Every structure is written in C-alpha cells, then in structure tokens.
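Reading through the structure tokens given below for one structure.
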Amino acid sequence: MGAGDAQAGEHPGLDAQIDQWRSYVQRRRAVSTADVDEMTDHLRGQVADLTAAGLDDDEAFLVAVRRMGNLDAVSREFAREHSERLWKQLVLVPDGPAEESGPAWRELAVVLAFAVGAGIAVKVALAAFDTDAVLLRNVPLMTAPFLAGYFVWKRRVPWRAVAALGVPYALLAVVLNVYPYVETGSTLMLAVLHAPVVLWALVGVAYVGGRWRAEEPRMDFARFTGELVVYVTLLALGGGVLIGLTAATLGLVGVDIEPALESWILPFAVPGAVVVGAWLVEAKQDVVENIAPVLTRVFTPLTTLMLLVTLVVLLTAGDLAAADRDLLILMDAILVLVLCLLLYSVSARDSLARPGWFDGLQLFLVAAALAVDAVALTAMLTRIAEFGLSPNKVAALGLNLLLLVHLARSGWLLLGFLRDRRPFGALVRWQTRFLPVYAVWAAVVVVAFGPVFGFA
Amino acid sequence: MRFDKDLVAASATPLVLGILAEGESYGYAILKRVTELSGGRMQWTDGMLYPLLHRLERLGLVVATWGTSEAGRRRKHYALTPAGHEALAERRQQWAVVADVLQQVWRSAQDAAQAPTGRPAVAEGWA
C-alpha cells in the first residue's frame with residue numbers, strides 16, 4: 001500500500017471515494033463541472049503527495065479533503081464569484097474542447113434540420129391542398145414525423161420500433177384522407193381534433209425510445225409535454241413581439257409583411273418552434289426547475305375557487321336542461337384543466353414525502369371538479385334523453401366519462417394517501433396507467449365515428 | 001500558524017500573482033509553492049484558491065487554459081497577462097509601503113517595551 005501515483009484504475013477504493021466526493025461537490029449549484037474537475041486534479045495531486053510520504057489511501061484522502069476546506073464556505077465563495085450560475089444553468093452548446101462541444105453542435109444541426117423539414121412539410125401541404133378541411137387533416141400528420149424523428153435520432157430507437165410506429169401512422173393517414181367525409185360535417189371536425197392526440201401518443205412512443213409498455217417513462221413524457229407547452233408559449237410570445245416590431249418598422253416605409261407572414265414566416269416558425277421547443281426541454285431537463293409543476297402550485301387554489309363559484313352558480317341557475325349544448329364541452333375543458341393540475345403536481349412530487357396540506361388542497365380540487373361535473377352531466381344526460389345522440393355529444397360524453405373515471409380514482413387514491421392507507425406511488429401508477437386510454441379513445445373517435453355516424 | 005481570515009484574503013492575490021509571475025502554473029502547484037515559500041507556516045484552505053483564481057481570470061489578470069496532467073487528468077493552467085503584471089507591480093509597491101511601515105512600528109514598539117515602564121508587546125500573535 002501507499003506510495004505511487006494515484007492514477008485512475010490503480011486504486012479502486014480511492015477512485016470510488018473521489019467519485020463520491022465529486023458528486024457531493026457537484027450538487028452545489030455555484031460549482032460547475034469544470035470547477036469540480038479542477039478541484040479533483042488538486043485532490044488527486046494532494047493524495048499522491050501524501051501517499052508518497054507514507055500515508056495509505058484512506059488517510060491521504062481524508063487529509064486532502066480536510067485541507068480542501070469547508071465545502072459550504074468554498075461554494076459560497078464560488079457563488080460570490082459566479083452569481084450568474086445560480087440563475088442560468090442551461091448550456092446548450094458548451095464551449096471547450098471539440099470532443100465536448102461537438103455532439104452538442106451536431107444535435108443542434110439535427111434539430112434545425114428537423115425544424116426546417118417540418119416547415120417545408122407545412123409549405124408543401126399549403127401548396128398541395130386547396131381546401132381548409134384537407135389542410136387541417138394533413139398538417140399535423142405531416143409535421144409529427146419530424147418531432148418523432150428527432151426522438152428516434154436522439155434515443156437511437158431501434159428500427160423495428162420505428163416500423164411498428166409507422167403502421168398506426170399509415171392507418172391514421174389513410175383513414176383521414178380516404179374516408180368520404182361530408183366537408184362541413186361534425187365527424188370530420190371530430191377526426192381533425194382527435195387525430196393530433198393519436199399522433200401525440202405516437203410521438204410519445206418515440207420519446208420513450210419505443211418502450212411503450214413500460215409505465216414509468218410515460219410520466220417523463222407527461223412532464224415533457226407540460227414543459228413543451230410552456231416553452232412553445234414563450235417562443236410564440238417572443239416571436240410575436242419580434243414580428244410585431246418588424247411589421248411596424250417595415251410598415252413605416254410602406255412594406256406590408258403580411259403576405260410573407262402568411263406564406264413563409266408562420267408555416268416555418270410554428271412547426272419549427274415545436275421542434276426547437278422539444279430540443280430546449282430535452283436540454284434543460286436536469287438543469288432548470290420544471291415550470292409546469294410550479295404553475296400548478298399557483299393555479300390549484302385559484303382553480304378550486306373558480307370551481308366552487310361555478311358550482312354555486314350552476315346549482316342556483318335553475319333548469320340546466322335548457323342550457324347551451326356547449327356546456328359539455330366546457331365541462332371537458334374544466335376537467336382537463338383539473339387533470340393537468342393534478343398530473344403535474346403528481347409528476348413533481350417526491351413520492352416518499354409525507355402527506356401535506358397541498359395534497360389535501362388537491363383532493364378538495366378534485367372533489368369540487370367532480371361535483372361540478374356531476375351537476376353538468378345530469379343536465380346533459382336529460383338533454384340527450386330528450387334530443388338524442390349526435391357525434392359531438394357522444395365524443396364529448398365519452399371524454400367526460402374518461403376524465404371522470406380518471407379523476408374519481410385519483411381522488412380515491414389521494415384520499416387513501418392522506419389517510420396513510422396507500423403509498424403515493426399508487427397515485428403515480430394510476431396516472432401513467434390511464435394516460436394511454438385517452439389515445440385509444442381518440443383513435444376510436446377518428447376511426448369509428450365516421451362510419452358509425454355516416455360521415456355526417 | 002493560524003492567520004486572520006482578512007489577512008489571508010489581502011495577501012492571497014499578490015502572492016498568487018507573484019507565483020504566476022515565475023511562470024505558468026496550476027492550482028495544486030501554486031499551493032505547494034506557497035507552502036514551500038513559507039516553510040509550511042502558511043496553510044490556506046485549499047478550496048478557496050479556486051474562486052480566487054476565477055476572480056483573477058474574470059478581472060483579466062490571468063488567463064486559463066485547459067491541459068492534461070502527467071497522469072492524464074484534466075488540469076487548468078493559469079498564466080499572468082500583461083494586466084496581471086501591472087497589477088502585481090502595483091500591489092508590490094503597496095505591500096512594500098505596508099511592510100516598511102509595519103517594520104517601523106514593530107521597532108518603536110520594541111523600543112517602548114524595552115523602556116523601564118513598558119508592557120509586553122501586544123502584536124506578537126500577528127507577525
């Protein structure tokens with residue numbers, strides 16, 4: 001034991017200790033990986049000198065770590081020097097040696113290629129299809145493969161899984177374009193609205209690397225979806241400001257950018273923003289706090305309040321059977337909102353933490369949503385009994401029932417968790433297990449509603 | 001010997017700049033040099049050297065480059081810039097004045113202590 005250089009590989013015990021120390025230091029936000037590398041070199045130099053002086057590995061390591069000083073104080077010093085690190089941690093393309101930044105640049109190039117590809121697809125669709133109905137059916141169909149393609153590339157999805165993805169995709173494309181829809185019919189509109197859900201599920205399969213049976217990665221895809229919505233919204237806001245300023249400036253000299261906006265900028269910017277947004281979410285994954293769960297914290301109490309007000313108004317409004325037929329669609333929107341609030345809180349919660357007041361609040365939110373839905377559903381069922389079924393009503397009702405089952409069971413599991421009867425994991429598992437049901441339902445709406453209702 | 005924190009902070013910059021004036025170096029070697037020069041009497045908290053080096057880098061007094069050690073590890077080397085040389089010269093003048101004044105104060109304090117009514121020197125713990 002003892003003397004000799006502490007080179008990697010020769011001292012497995014020491015290497016393990018140093019790795020442990022590294023991960024301990026790395027948890028501090030003000031200390032970057034490069035700093036840890038630098039300090040590791042120091043630590044190893046110190047250890048080598050001390051072992052050369054006769055200490056064994058363990059002793060040398062302890063002395064070297066001790067000399068390094070109190071890590072809290074050191075990281076405070078780092079934070080003072082690099083206060084920006086406490087804020088922005090997102091490095092998309094690291095500068096440094098080529099072998100480090102190379103893959104990041106390559107990824108950026110791939111992302112941009114997919115983004116431009118999606119834009120070209122939309123442009124082709126605009127040129128090829130003259131009616132809005134055909135266009136709406138095909139734009140999601142033509143852009144989804146580019147987003148899925150990014151994940152296929154990123155996750156190195158095996159070709160067999162890609163081929164397996166291609167089959168439902170092709171079926172969807174055939175159904176949407178071959179079914180003899182009545183151009184103004186509601187089954188066409190329903191198909192247009194539900195096809196993106198099916199496509200999103202297919203993107204999800206690519207996202208989880210083809211492992212569609214595994215339940216845990218589904219929650220990652222749910223997280224990804226939430227973050228993507230936030231990022232695309234931000235990109236859209238920024239893009240809007242940019243376009244507005246450009247239009248105003250060019251307008252002063254009499255140039256109208258609206259034709260360019262419609263025919264070039266939007267067809268490329270919108271699908272491009274989705275692909276680039278996906279890349280940003282992928283890149284920031286471990287680095288920046290997820291924003292969707294933060295938003296749920298703010299909106300859970302507010303939504304509860306809104307639901308209570310709605311409940312009181314609905315109960316005192318008198319005859320609901322005469323209410324507008326949009327009621328069912330609005331109820332679906334409310335339940336989707338509640339479900340998202342629940343899903344994103346669940347996705348960010350530490351499964352092992354004890355039940356807290358926020359879990360109680362969430363149960364209250366779910367209960368309020370179910371109460372509001374019960375009132376609305378009773379009204380709708382009487383209305384359907386009176387006027388019969390239409391494709392729109394069946395679609396809305398079906399979604400409502402799915403949401404009801406999802407929320408009711410979530411509420412039940414949440415109650416069990418609050419009463420210490422069930423682990424939190426049961427609630428998480430229920431979410432991930434139920435999510436594919438929505439895709440199946442959307443597929444049913446797209447594939448079956450047309451023939452069943454005579455493509456009306 | 002334990003040094004007052006502020007004294008370490010004040011002397012660390014000129015010391016690091018001075019060591020780098022001898023030639024390009026890296027963290028652990030700089031610390032070893034400090035220990036060597038002080039005969040082991042000055043021991044820094046090793047970790048604190050790095051935020052300091054990064055501050056000097058930000059101020060443009062040193063430039064850093066990544067290299068590899070003999071053992072094949074990633075190692076960050078620091079070298080003095082022209083601005084660093086200027087800063088060092090300036091610090092050197094300031095410290096010369098401080099050292100000179102301190103010398104005189106010690107001497108007169110010693111003289112006072114040797115006088116019949118003198119008390120024992122108070123500043124011993126510092127030197």
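Ligands are numbered from 1 in the order shown, chains are lettered A, B, ... in the order of the structure tokens, and residues start at 1 in each chain.
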
* To do: Extract the full set of alpha helix (DSSP H) residues from stretch 86-334 of chain A according to DSSP on the backbone, and format it as a ChimeraX atom specification.
  => /A:98-128,132-155,159-178,186-207,216-252,258-260,266-284,292-316,326-334

* **Who sits within 12 Å of A:Val174, only C-alpha atoms, same chain under 2 positions skipped, as a PyMOL selection string** => chain A and resi 137-138+141+167-172+176-180+195+446-447

Per residue of chain B within 7 Å of chain A, what are the shortest atom pair and its distance in Å to one decimal, counting only C-alpha atoms, with rows by chain and residue number, as a Markdown table?
```
| residue | atom | partner | partner_atom | distance |
| --- | --- | --- | --- | --- |
| B:Gly27 | CA | A:His42 | CA | 6.6 |
| B:Tyr28 | CA | A:His42 | CA | 5.0 |
| B:Thr45 | CA | A:Gly69 | CA | 5.2 |
| B:Asp46 | CA | A:Met68 | CA | 4.4 |
| B:Gly47 | CA | A:Met68 | CA | 4.6 |
| B:Met48 | CA | A:Val74 | CA | 5.6 |
| B:Pro51 | CA | A:Phe78 | CA | 5.1 |
| B:Arg55 | CA | A:Glu81 | CA | 6.2 |
| B:Ala71 | CA | A:Gln7 | CA | 6.1 |
| B:Arg73 | CA | A:Asp41 | CA | 6.6 |
| B:Arg74 | CA | A:Asp37 | CA | 6.7 |
| B:Arg75 | CA | A:Glu38 | CA | 6.0 |
| B:Lys76 | CA | A:Glu38 | CA | 6.2 |
```

Output file for the residues above (N, CA and C atoms, as a short mmCIF file (atom, residue, chain, number, x, y, z; two decimals), in the first residue's frame):
```cif
data_model
loop_
_atom_site.label_atom_id
_atom_site.label_comp_id
_atom_site.auth_asym_id
_atom_site.auth_seq_id
_atom_site.Cartn_x
_atom_site.Cartn_y
_atom_site.Cartn_z
N GLY B 27 -3.45 25.04 -9.95
CA GLY B 27 -3.89 25.20 -8.57
C GLY B 27 -3.02 24.53 -7.52
N TYR B 28 -2.88 23.21 -7.65
CA TYR B 28 -2.18 22.49 -6.59
C TYR B 28 -0.72 22.93 -6.50
N THR B 45 -6.82 27.41 3.09
CA THR B 45 -7.88 26.46 2.81
C THR B 45 -7.82 26.22 1.32
N ASP B 46 -7.46 25.00 0.92
CA ASP B 46 -7.15 24.75 -0.49
C ASP B 46 -8.27 25.19 -1.43
N GLY B 47 -9.51 24.85 -1.03
CA GLY B 47 -10.65 25.11 -1.92
C GLY B 47 -10.81 26.58 -2.26
N MET B 48 -10.40 27.46 -1.34
CA MET B 48 -10.61 28.89 -1.55
C MET B 48 -9.75 29.46 -2.67
N PRO B 51 -11.95 29.88 -6.30
CA PRO B 51 -12.74 31.10 -6.54
C PRO B 51 -11.83 32.32 -6.76
N ARG B 55 -11.65 34.70 -10.01
CA ARG B 55 -11.85 36.15 -9.94
C ARG B 55 -10.74 36.86 -10.71
N ALA B 71 -0.60 12.46 -15.31
CA ALA B 71 -1.42 11.27 -15.08
C ALA B 71 -2.62 11.22 -16.01
N ARG B 73 -5.03 13.57 -16.31
CA ARG B 73 -6.25 14.22 -15.83
C ARG B 73 -6.38 15.60 -16.46
N ARG B 74 -7.62 16.10 -16.49
CA ARG B 74 -7.84 17.46 -16.95
C ARG B 74 -7.28 18.44 -15.94
N ARG B 75 -6.50 19.39 -16.41
CA ARG B 75 -5.88 20.33 -15.48
C ARG B 75 -5.96 21.72 -16.07
N LYS B 76 -6.29 22.69 -15.21
CA LYS B 76 -6.43 24.07 -15.68
C LYS B 76 -5.15 24.82 -15.32
#
```

* Asked: From the list A:Thr233, A:Ser390, A:Ser263, A:Thr300, which residue is nearest A:Tyr344 when using only C-alpha atoms?
  -> A:Thr300

* Which residues, written as a ChimeraX atom specification, have at least one atom at most 8 Å from A:Ile334, with only C-alpha atoms counted and residues fewer than 4 positions away on the same chain left out? -> /A:330,338,369

* To do: Rank A:Val440, A:Val346, A:Val192, A:Leu402 by their smallest atom-to-atom distance to A:Asp220, using only C-alpha atoms, and report the top residue only.
  => A:Val346

* Just give me the gap between atom CA of A:Glu258 and atom CA of A:Thr246 in Å, one decimal is fine. => 10.9 Å

* To do: Pull the strand (DSSP E or B) assignments for chain B out of DSSP run on the backbone, and list those residues as an NGL selection string.
  => :B and (25-26 or 62-68 or 74-80)

Give me a file of those residues, with C-alpha atoms, as a short mmCIF file (atom, residue, chain, number, x, y, z; two decimals), in the first residue's frame.
```cif
data_model
loop_
_atom_site.label_atom_id
_atom_site.label_comp_id
_atom_site.auth_asym_id
_atom_site.auth_seq_id
_atom_site.Cartn_x
_atom_site.Cartn_y
_atom_site.Cartn_z
CA SER B 25 1.17 27.10 -13.08
CA TYR B 26 -1.93 25.26 -11.81
CA VAL B 62 -4.61 35.79 -15.55
CA VAL B 63 -5.63 33.61 -18.48
CA ALA B 64 -6.60 29.99 -18.02
CA THR B 65 -6.13 27.11 -20.43
CA TRP B 66 -7.14 23.50 -20.05
CA GLY B 67 -4.42 20.93 -20.41
CA THR B 68 -3.66 17.45 -19.19
CA ARG B 74 -7.84 17.46 -16.95
CA ARG B 75 -5.88 20.33 -15.48
CA LYS B 76 -6.43 24.07 -15.68
CA HIS B 77 -3.28 26.12 -16.13
CA TYR B 78 -3.06 29.78 -15.27
CA ALA B 79 -0.66 32.38 -16.69
CA LEU B 80 -0.20 36.05 -15.97
#
```

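Of the residues under consideration (A:Leu414, A:Leu245, A:Ala164, A:Leu341), A:Leu341 shows the shortest atom-to-atom contact distance to A:Thr304 when counting only C-alpha atoms.
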
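Residues in contact with A:Gly356 at 12 Å, where only C-alpha atoms are counted and same-chain residues fewer than 5 positions away are skipped, are listed as Arg349, Asp350, Ser351, Leu361, Gln362, Leu363, Leu414, Leu415, Phe417, Leu418, Arg419, Asp420 and Phe424 of chain A.
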
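The coordinates place atom CA of A:Gly210 at 9.6 Å from atom CA of A:Trp159.
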
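Non-sequential neighbours of A:Ile384 (distance at most 10 Å, separation of 3 or more positions within a chain, only C-alpha atoms) are Ala321, Arg325, Thr378, Ala379, Met380, Leu381, Phe387, Gly388, Leu389, Ser390, Lys393 and Val394 of chain A.
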
Next, the residues of the selection above should be written as an mmCIF file, in the first residue's frame with N, CA and C atoms.
```cif
data_model
loop_
_atom_site.group_PDB
_atom_site.id
_atom_site.type_symbol
_atom_site.label_atom_id
_atom_site.label_comp_id
_atom_site.auth_asym_id
_atom_site.auth_seq_id
_atom_site.Cartn_x
_atom_site.Cartn_y
_atom_site.Cartn_z
ATOM 1 N N ALA A 321 -81.367 21.771 -18.243
ATOM 2 C CA ALA A 321 -81.620 21.023 -19.471
ATOM 3 C C ALA A 321 -81.703 21.968 -20.657
ATOM 4 N N ARG A 325 -75.648 23.709 -25.500
ATOM 5 C CA ARG A 325 -75.023 22.391 -25.685
ATOM 6 C C ARG A 325 -73.503 22.449 -25.535
ATOM 7 N N THR A 378 -75.616 15.452 -15.246
ATOM 8 C CA THR A 378 -77.042 15.171 -15.077
ATOM 9 C C THR A 378 -77.845 15.993 -16.084
ATOM 10 N N ALA A 379 -77.480 17.259 -16.173
ATOM 11 C CA ALA A 379 -78.178 18.136 -17.114
ATOM 12 C C ALA A 379 -78.034 17.621 -18.534
ATOM 13 N N MET A 380 -76.813 17.217 -18.884
ATOM 14 C CA MET A 380 -76.555 16.789 -20.256
ATOM 15 C C MET A 380 -77.291 15.492 -20.583
ATOM 16 N N LEU A 381 -77.338 14.585 -19.593
ATOM 17 C CA LEU A 381 -77.991 13.305 -19.859
ATOM 18 C C LEU A 381 -79.482 13.504 -20.091
ATOM 19 N N PHE A 387 -83.209 14.864 -26.774
ATOM 20 C CA PHE A 387 -82.926 15.209 -28.176
ATOM 21 C C PHE A 387 -82.157 14.134 -28.933
ATOM 22 N N GLY A 388 -81.729 13.070 -28.256
ATOM 23 C CA GLY A 388 -80.988 12.011 -28.939
ATOM 24 C C GLY A 388 -79.500 12.324 -29.046
ATOM 25 N N LEU A 389 -78.771 11.368 -29.629
ATOM 26 C CA LEU A 389 -77.315 11.473 -29.673
ATOM 27 C C LEU A 389 -76.856 12.101 -30.981
ATOM 28 N N SER A 390 -75.753 12.843 -30.872
ATOM 29 C CA SER A 390 -75.091 13.328 -32.085
ATOM 30 C C SER A 390 -73.624 12.966 -31.926
ATOM 31 N N LYS A 393 -71.943 15.036 -29.292
ATOM 32 C CA LYS A 393 -72.319 14.717 -27.904
ATOM 33 C C LYS A 393 -71.642 13.437 -27.451
ATOM 34 N N VAL A 394 -71.624 12.431 -28.321
ATOM 35 C CA VAL A 394 -71.017 11.160 -27.930
ATOM 36 C C VAL A 394 -69.523 11.364 -27.643
#
```

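Distances from A:Val372, A:Leu315, A:Leu237, A:Ala133 to A:Ser186 were compared using only C-alpha atoms, and the smallest one belongs to A:Ala133.
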